$ cat my_file_31.txt   # compact mmCIF, C-alpha atoms and all ligand atoms
# COMPACT_ATOMS: atom_id res chain seq x y z
CA MET A 1 80.38 79.13 110.47
CA LYS A 2 79.53 81.83 108.00
CA TRP A 3 82.42 84.09 108.86
CA ARG A 4 84.91 81.33 108.15
CA THR A 5 83.29 81.03 104.74
CA VAL A 6 83.64 84.77 104.22
CA LEU A 7 87.25 84.70 105.37
CA GLU A 8 88.05 81.84 103.03
CA ALA A 9 86.35 83.67 100.18
CA LEU A 10 88.31 86.85 100.97
CA GLU A 11 91.57 84.97 101.14
CA ALA A 12 90.89 83.18 97.87
CA ARG A 13 89.98 86.39 96.09
CA LEU A 14 92.97 88.27 97.50
CA ALA A 15 95.31 85.47 96.49
CA GLU A 16 93.82 85.56 93.00
CA LEU A 17 94.29 89.31 92.77
CA ALA A 18 97.81 89.10 94.21
CA ARG A 19 98.81 86.72 91.44
CA GLY A 20 97.80 89.47 89.06
CA GLY A 21 99.83 92.02 91.01
CA ILE A 22 96.88 93.62 92.83
CA GLN A 23 97.06 93.82 96.60
CA THR A 24 93.66 95.26 97.40
CA LEU A 25 90.11 94.04 97.21
CA ASN A 26 87.11 96.32 97.04
CA VAL A 27 84.68 94.09 98.90
CA ALA A 28 81.70 96.30 98.17
CA SER A 29 82.13 95.94 94.43
CA ASP A 30 82.85 92.22 94.39
CA PRO A 31 79.56 90.52 93.39
CA GLU A 32 80.39 87.13 94.88
CA LEU A 33 81.39 88.55 98.24
CA VAL A 34 78.45 90.92 98.35
CA GLN A 35 76.15 87.99 97.67
CA LEU A 36 77.81 86.01 100.41
CA LEU A 37 77.46 88.87 102.88
CA ALA A 38 73.85 89.44 101.87
CA GLY A 39 73.07 86.19 103.64
CA PHE A 40 74.18 87.62 106.97
CA PRO A 41 71.35 89.99 107.81
CA ALA A 42 68.78 87.18 107.90
CA GLY A 43 68.72 86.50 111.60
CA GLU A 44 72.28 87.59 112.28
CA ARG A 45 72.21 91.30 111.79
CA ALA A 46 71.37 93.63 114.62
CA ALA A 47 67.86 95.08 114.38
CA PRO A 48 67.93 98.47 112.70
CA ALA A 49 67.03 101.65 114.49
CA ALA A 50 65.75 104.96 113.24
CA GLU A 51 68.92 106.03 111.46
CA ALA A 52 69.96 102.55 110.47
CA PRO A 53 68.92 101.00 107.18
CA ALA A 54 65.24 100.16 107.53
CA ASP A 55 65.11 96.78 105.87
CA PRO A 56 67.75 94.08 106.34
CA GLY A 57 67.25 93.06 102.75
CA SER A 58 67.45 96.55 101.30
CA PRO A 59 70.57 98.50 100.42
CA PRO A 60 71.99 100.70 103.15
CA ALA A 61 70.86 104.29 103.40
CA PRO A 62 72.92 106.67 101.30
CA PRO A 63 75.73 108.39 103.17
CA ARG A 64 75.05 111.86 104.43
CA ALA A 65 78.23 113.27 102.98
CA PRO A 66 81.09 112.05 100.82
CA PRO A 67 84.23 110.67 102.46
CA VAL A 68 87.32 112.80 102.85
CA PRO A 69 90.02 110.70 101.24
CA GLU A 70 92.45 113.28 99.92
CA ILE A 71 94.57 115.99 101.44
CA PRO A 72 92.96 119.34 100.68
CA GLN A 73 94.91 120.97 97.89
CA ALA A 74 94.45 124.52 99.10
CA GLU A 75 94.77 126.29 102.40
CA PRO A 76 91.32 126.50 104.01
CA ALA A 77 89.97 130.02 104.29
CA GLY A 78 91.51 132.01 107.11
CA LEU A 79 94.63 129.90 107.43
CA ALA A 80 96.74 131.44 104.69
CA ASP A 81 100.26 132.51 105.61
CA ARG A 82 100.16 130.89 109.02
CA ALA A 83 102.42 128.12 110.21
CA SER A 84 100.76 125.27 112.06
CA PRO A 85 101.34 125.55 115.84
CA LEU A 86 100.48 121.87 116.03
CA ASP A 87 103.46 121.03 113.91
CA SER A 88 105.70 122.63 116.51
CA GLY A 89 104.45 120.38 119.26
CA GLY A 90 101.32 121.99 120.71
CA SER A 91 98.32 119.83 121.51
CA ALA A 92 95.11 120.02 119.54
CA ALA A 93 93.30 121.27 122.64
CA THR A 94 95.84 124.02 123.20
CA PHE A 95 95.73 125.03 119.60
CA GLN A 96 91.94 124.98 119.61
CA ALA A 97 91.84 127.21 122.68
CA LYS A 98 94.15 129.74 121.07
CA HIS A 99 92.52 129.62 117.66
CA PRO A 100 88.87 128.78 118.16
CA SER A 101 87.96 129.57 114.58
CA GLU A 102 90.49 127.14 113.16
CA LEU A 103 90.65 123.36 112.92
CA GLN A 104 86.90 123.40 112.81
CA THR A 105 86.71 121.00 109.92
CA LEU A 106 88.34 117.71 109.01
CA GLU A 107 89.73 119.40 105.92
CA SER A 108 91.53 122.12 107.88
CA LEU A 109 92.85 119.54 110.36
CA HIS A 110 94.05 117.34 107.51
CA PHE A 111 95.65 120.31 105.79
CA HIS A 112 97.51 121.35 108.92
CA PHE A 113 99.05 117.94 109.33
CA ARG A 114 99.69 117.22 105.66
CA ASP A 115 103.47 117.44 106.15
CA CYS A 116 103.56 116.48 109.81
CA GLN A 117 107.01 115.83 111.25
CA ARG A 118 106.00 115.34 114.86
CA CYS A 119 107.51 111.86 115.11
CA ALA A 120 110.00 109.60 113.41
CA LEU A 121 107.34 107.87 111.34
CA ALA A 122 107.32 110.89 109.05
CA GLY A 123 110.61 109.70 107.60
CA SER A 124 109.33 106.38 106.34
CA ARG A 125 105.85 107.19 105.10
CA THR A 126 104.79 107.32 101.48
CA LYS A 127 101.43 108.92 102.22
CA LEU A 128 99.92 110.20 105.42
CA VAL A 129 96.75 108.21 106.15
CA PHE A 130 94.46 110.72 107.77
CA GLY A 131 91.16 108.82 107.84
CA VAL A 132 88.11 108.39 105.67
CA GLY A 133 84.35 108.21 105.87
CA HIS A 134 81.31 110.08 107.01
CA ASP A 135 81.83 113.50 108.57
CA ARG A 136 79.15 112.89 111.24
CA PRO A 137 79.23 109.13 111.72
CA ARG A 138 77.48 107.10 114.36
CA LEU A 139 80.32 104.58 114.25
CA MET A 140 84.02 105.47 114.26
CA PHE A 141 86.61 102.71 113.93
CA VAL A 142 90.14 103.32 115.23
CA GLY A 143 92.92 100.94 114.28
CA GLU A 144 96.60 100.93 115.10
CA GLY A 145 98.48 102.29 112.11
CA PRO A 146 98.67 102.10 108.32
CA GLY A 147 100.09 99.00 106.67
CA GLN A 148 101.92 98.74 103.40
CA GLU A 149 98.89 99.10 101.15
CA GLU A 150 97.43 101.89 103.26
CA ASP A 151 100.74 103.75 103.09
CA ARG A 152 100.75 103.38 99.32
CA GLN A 153 97.17 104.55 98.83
CA GLY A 154 96.84 107.04 101.69
CA LEU A 155 93.65 105.31 102.83
CA PRO A 156 93.01 103.28 105.97
CA PHE A 157 92.14 99.60 105.96
CA VAL A 158 92.45 98.84 102.25
CA GLY A 159 94.70 95.77 102.46
CA ARG A 160 93.86 92.23 103.59
CA ALA A 161 92.72 93.27 107.06
CA GLY A 162 90.80 96.13 105.51
CA ALA A 163 88.88 93.73 103.30
CA LEU A 164 87.72 91.87 106.38
CA LEU A 165 86.74 95.07 108.19
CA THR A 166 84.85 96.20 105.10
CA ALA A 167 83.08 92.84 104.96
CA GLY A 168 82.00 93.26 108.58
CA ILE A 169 80.70 96.77 107.93
CA LEU A 170 78.75 95.57 104.90
CA ALA A 171 77.35 92.63 106.86
CA LEU A 172 75.90 95.14 109.32
CA GLY A 173 74.04 96.70 106.42
CA LEU A 174 76.31 99.74 106.37
CA THR A 175 78.99 100.96 104.00
CA ARG A 176 82.42 102.43 104.60
CA GLU A 177 80.88 105.79 103.71
CA ASP A 178 78.42 105.47 106.61
CA VAL A 179 81.18 105.15 109.20
CA TYR A 180 84.55 106.80 109.81
CA ILE A 181 87.80 104.81 109.78
CA ALA A 182 91.07 106.09 111.20
CA ASN A 183 94.18 104.92 113.00
CA MET A 184 96.09 105.86 116.14
CA VAL A 185 99.06 106.93 114.04
CA LYS A 186 98.72 108.39 110.58
CA CYS A 187 102.02 107.15 109.16
CA ARG A 188 103.14 103.58 108.61
CA PRO A 189 105.43 102.07 111.23
CA PRO A 190 108.29 100.32 109.39
CA GLY A 191 107.82 96.61 108.96
CA ASN A 192 104.22 96.87 110.16
CA ARG A 193 105.38 96.93 113.78
CA ASN A 194 103.10 98.41 116.41
CA PRO A 195 103.55 102.16 116.84
CA ALA A 196 105.83 103.07 119.72
CA PRO A 197 104.31 104.89 122.71
CA GLU A 198 106.07 108.13 121.79
CA GLU A 199 104.73 107.89 118.24
CA THR A 200 101.20 107.27 119.50
CA ALA A 201 101.52 110.20 121.89
CA ALA A 202 102.84 112.50 119.16
CA CYS A 203 99.97 111.63 116.86
CA PHE A 204 97.21 111.63 119.44
CA PRO A 205 96.23 115.31 119.10
CA ILE A 206 95.19 114.60 115.52
CA LEU A 207 92.99 111.68 116.51
CA SER A 208 91.62 113.57 119.48
CA ARG A 209 90.53 116.45 117.28
CA GLN A 210 89.07 114.02 114.75
CA MET A 211 86.93 112.57 117.53
CA GLU A 212 85.74 116.02 118.54
CA LEU A 213 84.84 117.00 114.99
CA LEU A 214 83.18 113.70 114.16
CA ASP A 215 81.49 113.26 117.54
CA PRO A 216 80.49 109.64 116.87
CA ALA A 217 77.85 107.80 118.86
CA LEU A 218 80.37 105.02 119.47
CA ILE A 219 84.09 104.48 118.94
CA VAL A 220 85.19 100.94 118.11
CA THR A 221 88.86 100.32 118.83
CA LEU A 222 90.58 97.59 116.86
CA GLY A 223 93.38 95.80 118.68
CA ASN A 224 95.49 96.56 121.70
CA VAL A 225 97.11 99.83 120.69
CA PRO A 226 94.00 102.03 120.58
CA LEU A 227 92.50 100.18 123.55
CA LYS A 228 95.53 100.98 125.72
CA ALA A 229 95.71 104.53 124.43
CA LEU A 230 92.13 105.31 125.42
CA ASN A 231 92.09 103.13 128.53
CA PRO A 232 95.61 102.69 129.93
CA SER A 233 94.44 100.47 132.79
CA ALA A 234 92.77 98.01 130.44
CA ARG A 235 93.94 94.44 130.33
CA GLY A 236 94.64 92.92 126.93
CA ILE A 237 92.13 92.93 124.11
CA THR A 238 91.16 89.30 124.68
CA ALA A 239 89.92 90.17 128.17
CA GLU A 240 88.43 93.54 127.30
CA ARG A 241 86.75 92.91 123.95
CA GLY A 242 83.05 93.65 123.96
CA ARG A 243 83.25 95.59 127.26
CA VAL A 244 82.14 99.17 126.66
CA PHE A 245 83.99 101.91 128.54
CA GLU A 246 83.88 105.68 128.43
CA TYR A 247 86.54 107.90 126.92
CA ARG A 248 85.67 111.54 127.51
CA GLN A 249 82.08 111.85 126.28
CA TRP A 250 82.16 108.81 124.00
CA PRO A 251 81.39 105.16 124.67
CA VAL A 252 84.16 102.93 123.37
CA LEU A 253 83.83 99.29 122.42
CA PRO A 254 87.10 97.41 122.00
CA THR A 255 87.40 94.44 119.71
CA PHE A 256 90.02 92.49 117.82
CA HIS A 257 92.01 94.01 115.00
CA PRO A 258 91.04 92.40 111.68
CA ALA A 259 94.69 91.50 111.07
CA TYR A 260 94.53 89.30 114.17
CA LEU A 261 91.47 87.56 112.77
CA LEU A 262 93.34 86.71 109.60
CA ARG A 263 95.70 84.67 111.78
CA ASN A 264 93.11 83.46 114.30
CA ALA A 265 89.91 82.59 112.52
CA ASN A 266 88.39 81.19 115.72
CA ALA A 267 88.13 84.73 117.07
CA ILE A 268 85.88 85.86 114.23
CA ASP A 269 82.66 84.82 115.95
CA SER A 270 83.52 87.02 118.94
CA TRP A 271 84.45 89.86 116.60
CA TRP A 272 81.11 89.59 114.83
CA LEU A 273 79.28 89.65 118.16
CA ASP A 274 81.20 92.82 118.99
CA LEU A 275 80.30 94.43 115.68
CA LYS A 276 76.62 93.68 116.21
CA GLN A 277 76.84 95.11 119.72
CA ALA A 278 78.53 98.20 118.28
CA PHE A 279 75.69 98.59 115.80
CA ARG A 280 73.09 98.35 118.58
CA VAL A 281 74.88 100.91 120.75
CA ALA A 282 75.58 103.31 117.89
CA TYR A 283 72.11 103.18 116.41
CA GLY A 284 70.17 102.82 119.64
CA SER A 285 68.70 99.50 118.64
CA GLY A 286 67.54 96.99 121.23
CA GLY A 287 67.86 94.14 118.74
S1 LIG A 301 102.55 109.38 112.80
FE1 LIG A 301 101.33 111.20 113.32
S2 LIG A 301 102.70 112.46 114.60
FE2 LIG A 301 104.00 110.97 113.51
S3 LIG A 301 104.63 112.06 111.65
FE3 LIG A 301 102.80 110.87 111.13
S4 LIG A 301 101.10 112.32 111.40
FE4 LIG A 301 102.86 113.17 112.47

$ encode --input "my_file_31.txt" --output "C-alpha cells"
Amino acid sequence: MKWRTVLEALEARLAELARGGIQTLNVASDPELVQLLAGFPAGERAAPAAEAPADPGSPPAPPRAPPVPEIPQAEPAGLADRASPLDSGGSAATFQAKHPSELQTLESLHFHFRDCQRCALAGSRTKLVFGVGHDRPRLMFVGEGPGQEEDRQGLPFVGRAGALLTAGILALGLTREDVYIANMVKCRPPGNRNPAPEETAACFPILSRQMELLDPALIVTLGNVPLKALNPSARGITAERGRVFEYRQWPVLPTFHPAYLLRNANAIDSWWLDLKQAFRVAYGSGG
C-alpha cells in the first residue's frame, strides 16, 4: 500500500524534525518525499483535463496567482475610517447587500476580520488563520479549525495533518498554490477540540464569503465539522465520504480529515479514492 509507505515516511521525517525542535514539514521541498509521491501518478493519478497538468510525469502547471498568506497591512482602498459591520454581528450576505463595493476581494475580507471578536476563540488565538492558496481555484479544501502549529504560523494545514494533506495534493499533480485551503473556524479551539456550534456559526460568514469570492469548481470538506455545517442532515463522515452533494451552487465532496488518517491508516485508501474523485470533478476529467 503506497499511502502507508508515504504515511510512514511522513511520520519518520516529522519525528526527525521534532527531535530538532521543528514541528512542520514542507512536503513539497523534501526530496525524498517528493520522489516517493512521484511514483503515484503512474496508474494511480486521475487523468488530467484541460486545466490540469498535462503530463503525469511533468511538474504541475504554475499557479495563476500567488497565495494570500498574510493579513493585509493597509486598509484596502475605499474602506478607510469605517468600522466593520461584520465585526458587530452582521452576516456576510447582509453586509454585501449594504456595501456591494466592499468585501470584493480576499484581501478586504481578511482585513475586515483581522481582529475579529465574534466568538470566544478570539481570546485564545495567537494568529487568525484566514486561508491560503489560489484566488480562483478549482479545488477548495475546508477543514475544521487551526491546530497548534497553524495557530503559531497563521497558515492552515502546516502541522502533521497538513503534511499528509499536502502529500495528497502533490500526488494529484497539483500544489498547495493551485488549490485553496481554509477552515470552518479561523481561530484555534483550545486543546484542539472541535469548534462548538456557536463558534462555527459565528465564523461562517467569513467562510461563506470566501466561497463566493473563490467560486471553486468543487469544495472538499475534511472531517465531520464542515460536512455537518454544509449538510446538517448528513450522517457521519464514514457513511458520507465520497458522496457528492450540493451546497448553494457548489458541489461538495466530503472525505476524512487528515488528522483522522494519522490515527487510522486503514482509511487512507478511501481518502485517496476521494481525492482522485475530487480531481476528476474539479477538472472535468473522465479518468
Ligand atoms: S473563530 Fe471566526 S468568528 Fe471566532 S473570533 Fe475567530 S475569526 Fe472571529

$ atom_distance --input "my_file_31.txt" --atom1 "CA of Leu33 in chain A" --atom2 "CA of Ala282 in chain A"
25.3 Å

$ residues_near_ligand --input "my_file_31.txt" --ligand "ligand LIG 301 (chain A)" --cutoff "6 Å" --atoms "only C-alpha atoms and all ligand atoms" --output "PDB file with C-alpha atoms, in the frame of the given file"
ATOM      1  CA  CYS A 116     103.560 116.480 109.810  1.00  0.00           C
ATOM      2  CA  GLN A 117     107.010 115.830 111.250  1.00  0.00           C
ATOM      3  CA  ARG A 118     106.000 115.340 114.860  1.00  0.00           C
ATOM      4  CA  CYS A 119     107.510 111.860 115.110  1.00  0.00           C
ATOM      5  CA  LEU A 121     107.340 107.870 111.340  1.00  0.00           C
ATOM      6  CA  ALA A 122     107.320 110.890 109.050  1.00  0.00           C
ATOM      7  CA  VAL A 185      99.060 106.930 114.040  1.00  0.00           C
ATOM      8  CA  LYS A 186      98.720 108.390 110.580  1.00  0.00           C
ATOM      9  CA  CYS A 187     102.020 107.150 109.160  1.00  0.00           C
ATOM     10  CA  GLU A 199     104.730 107.890 118.240  1.00  0.00           C
ATOM     11  CA  ALA A 202     102.840 112.500 119.160  1.00  0.00           C
ATOM     12  CA  CYS A 203      99.970 111.630 116.860  1.00  0.00           C
TER      13      CYS A 203
END

$ residues_around --input "my_file_31.txt" --residues "range 210-220 of chain A" --least-positions-apart "3" --cutoff "6 Å" --atoms "all atoms listed in the file" --output "PDB file with C-alpha atoms, in the frame of the given file"
ATOM      1  CA  ASP A 135      81.830 113.500 108.570  1.00  0.00           C
ATOM      2  CA  ARG A 136      79.150 112.890 111.240  1.00  0.00           C
ATOM      3  CA  PRO A 137      79.230 109.130 111.720  1.00  0.00           C
ATOM      4  CA  ARG A 138      77.480 107.100 114.360  1.00  0.00           C
ATOM      5  CA  LEU A 139      80.320 104.580 114.250  1.00  0.00           C
ATOM      6  CA  MET A 140      84.020 105.470 114.260  1.00  0.00           C
ATOM      7  CA  PHE A 141      86.610 102.710 113.930  1.00  0.00           C
ATOM      8  CA  LEU A 207      92.990 111.680 116.510  1.00  0.00           C
ATOM      9  CA  PRO A 251      81.390 105.160 124.670  1.00  0.00           C
ATOM     10  CA  VAL A 252      84.160 102.930 123.370  1.00  0.00           C
ATOM     11  CA  LEU A 253      83.830  99.290 122.420  1.00  0.00           C
ATOM     12  CA  PRO A 254      87.100  97.410 122.000  1.00  0.00           C
ATOM     13  CA  ALA A 282      75.580 103.310 117.890  1.00  0.00           C
TER      14      ALA A 282
END

$ residues_around --input "my_file_31.txt" --residues "Phe157 in chain A" --least-positions-apart "4" --cutoff "9 Å" --atoms "only C-alpha atoms" --output "list in words"
Gly143, Pro146, Gly147, Glu149, Glu150, Ala161, Gly162, Ala163, Leu164, Leu165, Thr166, Ile181 and Ala182 of chain A

$ write_last_selection --input "my_file_31.txt" --atoms "C-alpha atoms" --output "mmCIF file, in the frame of the given file"
data_model
loop_
_atom_site.group_PDB
_atom_site.id
_atom_site.type_symbol
_atom_site.label_atom_id
_atom_site.label_comp_id
_atom_site.auth_asym_id
_atom_site.auth_seq_id
_atom_site.Cartn_x
_atom_site.Cartn_y
_atom_site.Cartn_z
ATOM 1 C CA GLY A 143 92.920 100.940 114.280
ATOM 2 C CA PRO A 146 98.670 102.100 108.320
ATOM 3 C CA GLY A 147 100.090 99.000 106.670
ATOM 4 C CA GLU A 149 98.890 99.100 101.150
ATOM 5 C CA GLU A 150 97.430 101.890 103.260
ATOM 6 C CA ALA A 161 92.720 93.270 107.060
ATOM 7 C CA GLY A 162 90.800 96.130 105.510
ATOM 8 C CA ALA A 163 88.880 93.730 103.300
ATOM 9 C CA LEU A 164 87.720 91.870 106.380
ATOM 10 C CA LEU A 165 86.740 95.070 108.190
ATOM 11 C CA THR A 166 84.850 96.200 105.100
ATOM 12 C CA ILE A 181 87.800 104.810 109.780
ATOM 13 C CA ALA A 182 91.070 106.090 111.200
#

$ atom_distance --input "my_file_31.txt" --atom1 "CA of Gly159 in chain A" --atom2 "CA of Phe245 in chain A"
28.9 Å

$ residues_around --input "my_file_31.txt" --residues "Ser233 in chain A" --least-positions-apart "5" --cutoff "12 Å" --atoms "all atoms listed in the file" --output "PDB file with C-alpha atoms, keeping the file's coordinate frame"
ATOM      1  CA  ASN A 224      95.490  96.560 121.700  1.00  0.00           C
ATOM      2  CA  LEU A 227      92.500 100.180 123.550  1.00  0.00           C
ATOM      3  CA  LYS A 228      95.530 100.980 125.720  1.00  0.00           C
ATOM      4  CA  GLU A 240      88.430  93.540 127.300  1.00  0.00           C
ATOM      5  CA  PHE A 245      83.990 101.910 128.540  1.00  0.00           C
TER       6      PHE A 245
END

$ residues_around --input "my_file_31.txt" --residues "Asp274 in chain A" --least-positions-apart "3" --cutoff "9 Å" --atoms "all atoms listed in the file" --output "PyMOL selection string"
chain A and resi 241-243+253-256+269-271+277-279

$ residues_near_point --input "my_file_31.txt" --point "(99.4, 116.9, 105.7)" --cutoff "9 Å" --atoms "all atoms listed in the file" --output "MDAnalysis selection string"
chainID A and resid 71:72 109:116 127:128 130

$ write_last_selection --input "my_file_31.txt" --atoms "C-alpha atoms" --output "compact mmCIF listing (two decimals), in the frame of the given file"
# COMPACT_ATOMS: atom_id res chain seq x y z
CA ILE A 71 94.57 115.99 101.44
CA PRO A 72 92.96 119.34 100.68
CA LEU A 109 92.85 119.54 110.36
CA HIS A 110 94.05 117.34 107.51
CA PHE A 111 95.65 120.31 105.79
CA HIS A 112 97.51 121.35 108.92
CA PHE A 113 99.05 117.94 109.33
CA ARG A 114 99.69 117.22 105.66
CA ASP A 115 103.47 117.44 106.15
CA CYS A 116 103.56 116.48 109.81
CA LYS A 127 101.43 108.92 102.22
CA LEU A 128 99.92 110.20 105.42
CA PHE A 130 94.46 110.72 107.77

$ atom_distance --input "my_file_31.txt" --atom1 "CA of Arg152 in chain A" --atom2 "CA of Thr126 in chain A"
6.0 Å

$ closest_residue --input "my_file_31.txt" --among "A:Thr238, A:Thr105, A:Asn192, A:Thr175" --to "Glu144 in chain A" --atoms "only C-alpha atoms"
A:Asn192

$ closest_residue --input "my_file_31.txt" --among "A:Arg13, A:Arg248, A:Arg209, A:Arg125" --to "Ser108 in chain A" --atoms "all atoms listed in the file"
A:Arg209
